[in-house]
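Colleague: Mind having a look at this structure? Questions to follow.
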Amino acid sequence: MKPAPFAYFAPRTLPEALSLIAEHGDAGKLIAGGQSLAPTMNFRLAQPAALVDLNRVPELAFLENDGRGGLRIGAMTRHRTLERSVLAAQRAPLLHAAMPYIAHVQIRNRGTIGGSLAHADPAAELPAVMVALGARFKLVSVRGERWVAAADFYQGLFTTALEPDEILTEVAVPAAAPRSGWAFHEIARRHGDYAIVGVAATVQLDAAGALDDVKLVYLSVGEGPTEAQQAAASLHGQAPTPARIAEAARLAAHADIEPLADIHATAGYRRHLIEVLGQRALSEACARAGAAA
Amino acid sequence: MSELYPVAVTVNGIQVAREIEPRMLLSDFLRHELNLTGTHVGCEHGSCGACTVLLDGEAVRSCILFAVQVDGQSVTTVEGLSADPNRLHPLQVAFQEKHGLQCGYCTPGFLLTLAPFLAENPAPSEAEVREVLSGNICRCTGYQNIVDAALLAAEMLRSEKGG
Ligand SMILES: Cc1cc2nc3c(=O)[nH]c(=O)nc-3n(C[C@H](O)[C@H](O)[C@H](O)COP(=O)(O)OP(=O)(O)OC[C@H]3O[C@@H](n4cnc5c(N)ncnc54)[C@H](O)[C@@H]3O)c2cc1C
Ligand code: FES
Ligand code: FES
């Protein structure tokens, strides 16, 4: 249970961090909170030759108003900072509501937004939340910078759009539209454990009270954040009645997603949770958007 | 053995400096370099909470932090929990009073998780106590007495403050 030897670098600026990670490329690794990386190094599942520590790069730790009603979140923002932030509660209530579900307080004190998004654990809350919010990630390297939508960032099991020399530096969460609503639900065996199934929902109503944007994004049911697209499409242009919501949740569980069994739950139990949690999340999100019941 | 790196940390109010391998876990630094064996190691992969210490006042797991990373910062272990070395901290008194420990292996982690929690939330509900303790595993007590001890400690700290 001890990590293999490695060289350690603690850059003080982003340009310094970028050239270090470019230099050490595949053999090196960034360390943010270390709450996922250090355990895998202790197990020697990861044996990076060099660690580039982002904890001393102050320009990566910020949480601010984007001037357009949304949020800019620096990659090194700790989970706990977002959990305690009034600004986050106002500007991104879905994100704020999901924070306490992430691990335990000792881990949230150290773990970071950027680390969680880059790690891309299929059972993690934040990737699903960011897809539901339509967030975008800024990826920077010595070669330049680019913005990638959360939905395009996730490409498979623990696989993202990040190149080995890139650092995820910032997350842009857009302002919530008028008449929009959100909800987050998850079931775990014990508070703070990875979810058996979780779901983030966002909905938007048009002037007539019909749904014109729906996102229903699950965690822990596939290789990454999983959008229930047929469920969302079935609600498009419809008034959100309880019967339509129930049918959408049924589609999520039976048409969109093919859950797998593992030591925590059977596929059948997961399917049941997909339907129940999907229905709850959609009803709650529509109620928050101000839909007539 | 790989290259050694200098690290200077304030541990329980005392400045210490060492040269260490970067792969040395903070838990091993405390136990093996400083002989502060009150910090216990259960799982060594961030799951059990036994190794919880305070880093600049916040509870963190010392088995998934590298000691080089805390250069210049301050760490509090169970040995430094009570300001007065001849007196137990109210949390420790409450754990004794309510039988919040049996073998005691998990206890330092519980104490250091609770200390900053009670400073921030002096009058927690039982549900809040259970939630903040969700990351600490105890194989002996069944948790009930630990929760009772936490609630008693909160009461003791409140009356200490209120005078
Ligand atoms: C017991 C336990 C329970 C947990 N439970 C949960 C849970 O319920 N839900 C949950 O979501 N998470 C959980 N976690 C994980 C925790 O949330 C981590 O904080 C998170 O997964 C990783 O964030 P980090 O900052 O610690 O990243 P690190 O561990 O430092 O890094 C993770 C990976 O991301 C890369 N990386 C980090 N930052 C960047 C960046 N800015 N740009 C590019 N790459 C980067 C690293 O190179 C590494 O590969 C748990 C962890 C533990 C130990
Ligand atoms: S020893 Fe650190 S969490 Fe178990
Ligand atoms: S008292 Fe023995 S593990 Fe908690």
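Numbering starts fresh at 1 for the residues of each chain in the structure tokens, the chains themselves are lettered A, B, ... in the order given, and ligands are numbered from 1 as they appear.
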Could you tell me, counting only C-alpha atoms and all ligand atoms, which protein and nucleic acid residues lie no more than 7 Å from ligand 1, written as number ranges by chain?

Modeller: A: 29-39, 75-76, 101-104, 107-108, 110-116, 118-119, 121, 123-126, 162, 166-169, 192-195; B: 45-47

Colleague: Could you list, as a list in words, all protein and nucleic acid residues with an atom at most 9 Å from ligand 2, counting only C-alpha atoms and all ligand atoms?

Modeller: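 Checking only C-alpha atoms and all ligand atoms against ligand 2 at 9 Å gives Ser27, Thr39, His40, Val41, Gly42, Cys43, Glu44, His45, Gly46, Ser47, Cys48, Gly49, Ala50, Cys51, Thr52, Val60, Arg61, Ser62, Cys63, Ile64, Gly109, Gly135, Asn136 and Ile137 of chain B.
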
Colleague: Write a file of the selected residues as a short mmCIF file (atom, residue, chain, number, x, y, z; two decimals), in the first residue's frame, keeping all heavy atoms.

Modeller:
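Below is the file that was written, result.cif:
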```
data_model
loop_
_atom_site.label_atom_id
_atom_site.label_comp_id
_atom_site.auth_asym_id
_atom_site.auth_seq_id
_atom_site.Cartn_x
_atom_site.Cartn_y
_atom_site.Cartn_z
N SER B 27 0.57 10.44 6.44
CA SER B 27 0.37 9.56 7.60
C SER B 27 1.69 8.92 8.03
O SER B 27 2.01 8.85 9.22
CB SER B 27 -0.67 8.48 7.27
OG SER B 27 -0.41 7.91 6.00
N THR B 39 -1.99 9.11 15.06
CA THR B 39 -2.68 9.06 13.77
C THR B 39 -2.64 7.61 13.30
O THR B 39 -1.58 7.07 13.06
CB THR B 39 -1.99 9.99 12.75
OG1 THR B 39 -2.05 11.33 13.26
CG2 THR B 39 -2.67 9.93 11.40
N HIS B 40 -3.80 6.99 13.20
CA HIS B 40 -3.85 5.56 12.87
C HIS B 40 -4.11 5.35 11.39
O HIS B 40 -4.73 6.17 10.73
CB HIS B 40 -4.94 4.88 13.69
CG HIS B 40 -4.63 4.82 15.15
ND1 HIS B 40 -5.54 4.45 16.10
CD2 HIS B 40 -3.49 5.09 15.82
CE1 HIS B 40 -4.97 4.49 17.30
NE2 HIS B 40 -3.72 4.88 17.16
N VAL B 41 -3.61 4.23 10.91
CA VAL B 41 -3.75 3.90 9.50
C VAL B 41 -4.56 2.61 9.39
O VAL B 41 -4.14 1.57 9.87
CB VAL B 41 -2.36 3.74 8.85
CG1 VAL B 41 -2.49 3.20 7.44
CG2 VAL B 41 -1.63 5.08 8.84
N GLY B 42 -5.74 2.71 8.78
CA GLY B 42 -6.60 1.54 8.65
C GLY B 42 -6.51 0.93 7.27
O GLY B 42 -6.13 -0.22 7.10
N CYS B 43 -6.86 1.71 6.25
CA CYS B 43 -7.01 1.14 4.92
C CYS B 43 -5.93 1.62 3.95
O CYS B 43 -5.65 0.98 2.96
CB CYS B 43 -8.36 1.53 4.35
SG CYS B 43 -8.49 3.31 4.03
N GLU B 44 -5.39 2.79 4.23
CA GLU B 44 -4.39 3.43 3.37
C GLU B 44 -4.87 3.64 1.94
O GLU B 44 -4.08 3.66 1.02
CB GLU B 44 -3.08 2.62 3.38
CG GLU B 44 -1.88 3.51 3.63
CD GLU B 44 -0.61 2.75 3.97
OE1 GLU B 44 -0.39 1.65 3.42
OE2 GLU B 44 0.16 3.26 4.80
N HIS B 45 -6.16 3.79 1.74
CA HIS B 45 -6.60 4.26 0.43
C HIS B 45 -7.80 5.20 0.52
O HIS B 45 -8.58 5.31 -0.42
CB HIS B 45 -6.83 3.11 -0.56
CG HIS B 45 -7.88 2.13 -0.16
ND1 HIS B 45 -7.60 0.96 0.48
CD2 HIS B 45 -9.22 2.15 -0.35
CE1 HIS B 45 -8.72 0.29 0.69
NE2 HIS B 45 -9.72 0.99 0.20
N GLY B 46 -7.92 5.87 1.64
CA GLY B 46 -8.92 6.94 1.72
C GLY B 46 -10.32 6.50 2.07
O GLY B 46 -11.24 7.30 1.98
N SER B 47 -10.50 5.24 2.51
CA SER B 47 -11.86 4.76 2.72
C SER B 47 -12.34 4.75 4.17
O SER B 47 -13.54 4.78 4.40
CB SER B 47 -12.00 3.33 2.18
OG SER B 47 -11.92 3.36 0.79
N CYS B 48 -11.42 4.67 5.15
CA CYS B 48 -11.89 4.38 6.52
C CYS B 48 -11.90 5.58 7.45
O CYS B 48 -12.56 5.55 8.48
CB CYS B 48 -11.07 3.25 7.12
SG CYS B 48 -9.40 3.76 7.62
N GLY B 49 -11.12 6.60 7.15
CA GLY B 49 -11.12 7.80 7.98
C GLY B 49 -10.25 7.75 9.22
O GLY B 49 -10.13 8.75 9.94
N ALA B 50 -9.60 6.61 9.50
CA ALA B 50 -8.80 6.49 10.73
C ALA B 50 -7.66 7.50 10.77
O ALA B 50 -7.25 7.95 11.84
CB ALA B 50 -8.24 5.07 10.86
N CYS B 51 -7.13 7.86 9.61
CA CYS B 51 -5.94 8.69 9.51
C CYS B 51 -6.26 10.18 9.44
O CYS B 51 -5.38 10.99 9.15
CB CYS B 51 -5.16 8.30 8.26
SG CYS B 51 -6.09 8.72 6.76
N THR B 52 -7.52 10.55 9.70
CA THR B 52 -7.92 11.97 9.57
C THR B 52 -7.10 12.88 10.49
O THR B 52 -6.93 12.59 11.67
CB THR B 52 -9.43 12.12 9.91
OG1 THR B 52 -10.16 11.28 9.04
CG2 THR B 52 -9.89 13.57 9.75
N VAL B 60 -8.76 16.33 6.85
CA VAL B 60 -8.34 15.66 5.61
C VAL B 60 -7.80 14.28 5.96
O VAL B 60 -7.48 14.01 7.11
CB VAL B 60 -7.25 16.45 4.84
CG1 VAL B 60 -7.76 17.81 4.36
CG2 VAL B 60 -5.99 16.61 5.68
N ARG B 61 -7.68 13.43 4.94
CA ARG B 61 -7.16 12.08 5.16
C ARG B 61 -5.67 12.09 4.87
O ARG B 61 -5.25 12.36 3.74
CB ARG B 61 -7.88 11.12 4.23
CG ARG B 61 -9.34 11.20 4.51
CD ARG B 61 -10.13 10.17 3.83
NE ARG B 61 -11.23 9.90 4.73
CZ ARG B 61 -12.31 9.25 4.46
NH1 ARG B 61 -12.46 8.74 3.29
NH2 ARG B 61 -13.23 9.06 5.37
N SER B 62 -4.86 11.75 5.89
CA SER B 62 -3.42 11.88 5.73
C SER B 62 -2.81 10.74 4.91
O SER B 62 -1.69 10.84 4.47
CB SER B 62 -2.73 11.98 7.09
OG SER B 62 -3.01 10.83 7.87
N CYS B 63 -3.60 9.66 4.65
CA CYS B 63 -3.03 8.55 3.87
C CYS B 63 -3.13 8.79 2.37
O CYS B 63 -2.58 8.02 1.60
CB CYS B 63 -3.74 7.24 4.21
SG CYS B 63 -5.41 7.10 3.54
N ILE B 64 -3.87 9.82 1.95
CA ILE B 64 -3.93 10.10 0.51
C ILE B 64 -3.45 11.52 0.22
O ILE B 64 -3.90 12.17 -0.72
CB ILE B 64 -5.32 9.79 -0.12
CG1 ILE B 64 -6.46 10.38 0.70
CG2 ILE B 64 -5.51 8.29 -0.26
CD1 ILE B 64 -7.83 10.19 0.05
N GLY B 109 -9.42 9.51 14.36
CA GLY B 109 -10.06 9.98 13.13
C GLY B 109 -11.42 10.60 13.41
O GLY B 109 -11.79 11.62 12.83
N GLY B 135 -17.94 9.17 6.78
CA GLY B 135 -16.69 8.72 6.17
C GLY B 135 -15.73 8.07 7.16
O GLY B 135 -14.59 7.80 6.81
N ASN B 136 -16.17 7.82 8.38
CA ASN B 136 -15.31 7.19 9.37
C ASN B 136 -15.89 5.83 9.74
O ASN B 136 -17.06 5.74 10.14
CB ASN B 136 -15.20 8.06 10.63
CG ASN B 136 -14.44 9.34 10.36
OD1 ASN B 136 -14.94 10.24 9.69
ND2 ASN B 136 -13.23 9.42 10.85
N ILE B 137 -15.06 4.81 9.66
CA ILE B 137 -15.54 3.45 9.95
C ILE B 137 -15.10 3.05 11.35
O ILE B 137 -13.95 3.27 11.74
CB ILE B 137 -15.02 2.47 8.88
CG1 ILE B 137 -15.72 2.77 7.54
CG2 ILE B 137 -15.26 1.02 9.30
CD1 ILE B 137 -15.19 1.95 6.39
#
```

Colleague: Mind checking DSSP for region 51-237 of chain A and telling me the alpha helix (DSSP H) residues as an MDAnalysis selection string?

Modeller: chainID A and resid 79:83 86:91 93:98 105:108 113:119 125:133 150:153 229:235

Colleague: If the limit is 10 Å from any atom of ligand 3, counting only C-alpha atoms and all ligand atoms, which residues qualify? Return them as a VMD selection string.

Modeller: chain B and resid 42 48 50 99 to 110 136 to 143 146

Colleague: Those selected residues, please, written with N, CA, C and O atoms and delivered as a compact mmCIF listing (two decimals), in the first residue's frame.

Modeller:
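So the final result, stored in selection.txt, reads:
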```txt
# COMPACT_ATOMS: atom_id res chain seq x y z
N GLY B 42 -5.74 2.71 8.78
CA GLY B 42 -6.60 1.54 8.65
C GLY B 42 -6.51 0.93 7.27
O GLY B 42 -6.13 -0.22 7.10
N CYS B 48 -11.42 4.67 5.15
CA CYS B 48 -11.89 4.38 6.52
C CYS B 48 -11.90 5.58 7.45
O CYS B 48 -12.56 5.55 8.48
N ALA B 50 -9.60 6.61 9.50
CA ALA B 50 -8.80 6.49 10.73
C ALA B 50 -7.66 7.50 10.77
O ALA B 50 -7.25 7.95 11.84
N HIS B 99 -18.71 6.10 26.41
CA HIS B 99 -18.17 4.86 25.84
C HIS B 99 -18.17 4.91 24.31
O HIS B 99 -18.62 3.97 23.66
N GLY B 100 -17.66 6.02 23.78
CA GLY B 100 -17.61 6.19 22.33
C GLY B 100 -16.45 5.43 21.70
O GLY B 100 -16.17 5.63 20.52
N LEU B 101 -15.76 4.61 22.48
CA LEU B 101 -14.69 3.79 21.89
C LEU B 101 -14.58 2.47 22.62
O LEU B 101 -14.94 2.37 23.79
N GLN B 102 -14.11 1.46 21.88
CA GLN B 102 -13.79 0.18 22.50
C GLN B 102 -12.30 -0.09 22.28
O GLN B 102 -11.48 0.16 23.14
N CYS B 103 -11.92 -0.53 21.05
CA CYS B 103 -10.48 -0.74 20.84
C CYS B 103 -9.75 0.58 20.65
O CYS B 103 -8.55 0.67 20.86
N GLY B 104 -10.45 1.61 20.21
CA GLY B 104 -9.86 2.94 20.06
C GLY B 104 -9.10 3.17 18.77
O GLY B 104 -8.56 4.26 18.55
N TYR B 105 -9.09 2.16 17.89
CA TYR B 105 -8.30 2.33 16.66
C TYR B 105 -8.84 3.48 15.79
O TYR B 105 -8.09 4.26 15.23
N CYS B 106 -10.14 3.59 15.73
CA CYS B 106 -10.77 4.58 14.86
C CYS B 106 -10.86 5.96 15.51
O CYS B 106 -11.19 6.94 14.84
N THR B 107 -10.65 6.01 16.83
CA THR B 107 -11.02 7.20 17.61
C THR B 107 -10.34 8.49 17.18
O THR B 107 -11.02 9.52 17.03
N PRO B 108 -9.01 8.51 16.96
CA PRO B 108 -8.40 9.78 16.55
C PRO B 108 -9.05 10.36 15.30
O PRO B 108 -9.25 11.58 15.21
N GLY B 109 -9.42 9.51 14.36
CA GLY B 109 -10.06 9.98 13.13
C GLY B 109 -11.42 10.60 13.41
O GLY B 109 -11.79 11.62 12.83
N PHE B 110 -12.18 9.96 14.31
CA PHE B 110 -13.49 10.52 14.68
C PHE B 110 -13.31 11.87 15.37
O PHE B 110 -14.03 12.82 15.08
N ASN B 136 -16.17 7.82 8.38
CA ASN B 136 -15.31 7.19 9.37
C ASN B 136 -15.89 5.83 9.74
O ASN B 136 -17.06 5.74 10.14
N ILE B 137 -15.06 4.81 9.66
CA ILE B 137 -15.54 3.45 9.95
C ILE B 137 -15.10 3.05 11.35
O ILE B 137 -13.95 3.27 11.74
N CYS B 138 -16.02 2.46 12.11
CA CYS B 138 -15.69 1.87 13.41
C CYS B 138 -16.17 0.43 13.40
O CYS B 138 -17.34 0.18 13.08
N ARG B 139 -15.29 -0.49 13.74
CA ARG B 139 -15.68 -1.90 13.73
C ARG B 139 -16.21 -2.38 15.07
O ARG B 139 -16.64 -3.52 15.19
N CYS B 140 -16.11 -1.56 16.11
CA CYS B 140 -16.47 -2.02 17.45
C CYS B 140 -17.80 -1.51 17.96
O CYS B 140 -18.64 -2.28 18.41
N THR B 141 -17.98 -0.20 17.94
CA THR B 141 -19.02 0.38 18.79
C THR B 141 -20.44 0.31 18.25
O THR B 141 -21.38 0.45 19.02
N GLY B 142 -20.59 0.17 16.94
CA GLY B 142 -21.94 0.28 16.38
C GLY B 142 -22.38 1.72 16.26
O GLY B 142 -23.56 1.98 16.00
N TYR B 143 -21.48 2.65 16.46
CA TYR B 143 -21.68 4.09 16.19
C TYR B 143 -22.58 4.83 17.18
O TYR B 143 -22.42 6.03 17.38
N ILE B 146 -20.82 6.75 19.73
CA ILE B 146 -20.00 7.80 19.13
C ILE B 146 -20.87 9.02 18.86
O ILE B 146 -20.49 10.16 19.14
```

Colleague: Would you pick out the contacts of Ala201 (chain A) at 10 Å or less, using only C-alpha atoms, so that residues sharing its chain but fewer than 6 positions from it are not included, and give the list as a ChimeraX atom specification?

Modeller: /A:94,128-129,131-133,181-185,214-218,227,232,278,280-286

Colleague: Taking the DSSP secondary structure from the backbone, can you list the residues of region 13-59 of chain B that are strand (DSSP E or B), as a list in words?

Modeller: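 The strand (DSSP E or B) subset of region 13-59 of chain B is Ile14, Gln15, Val16, Ala17, Arg18, Glu19, Ile20, Leu25, Thr52, Val53, Leu54, Leu55, Glu58 and Ala59 of chain B.
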
Colleague: Quote the spacing between CA of Met41 (chain A) and CA of Leu25 (chain B) in Å to one decimal place.

Modeller: 10.9 Å
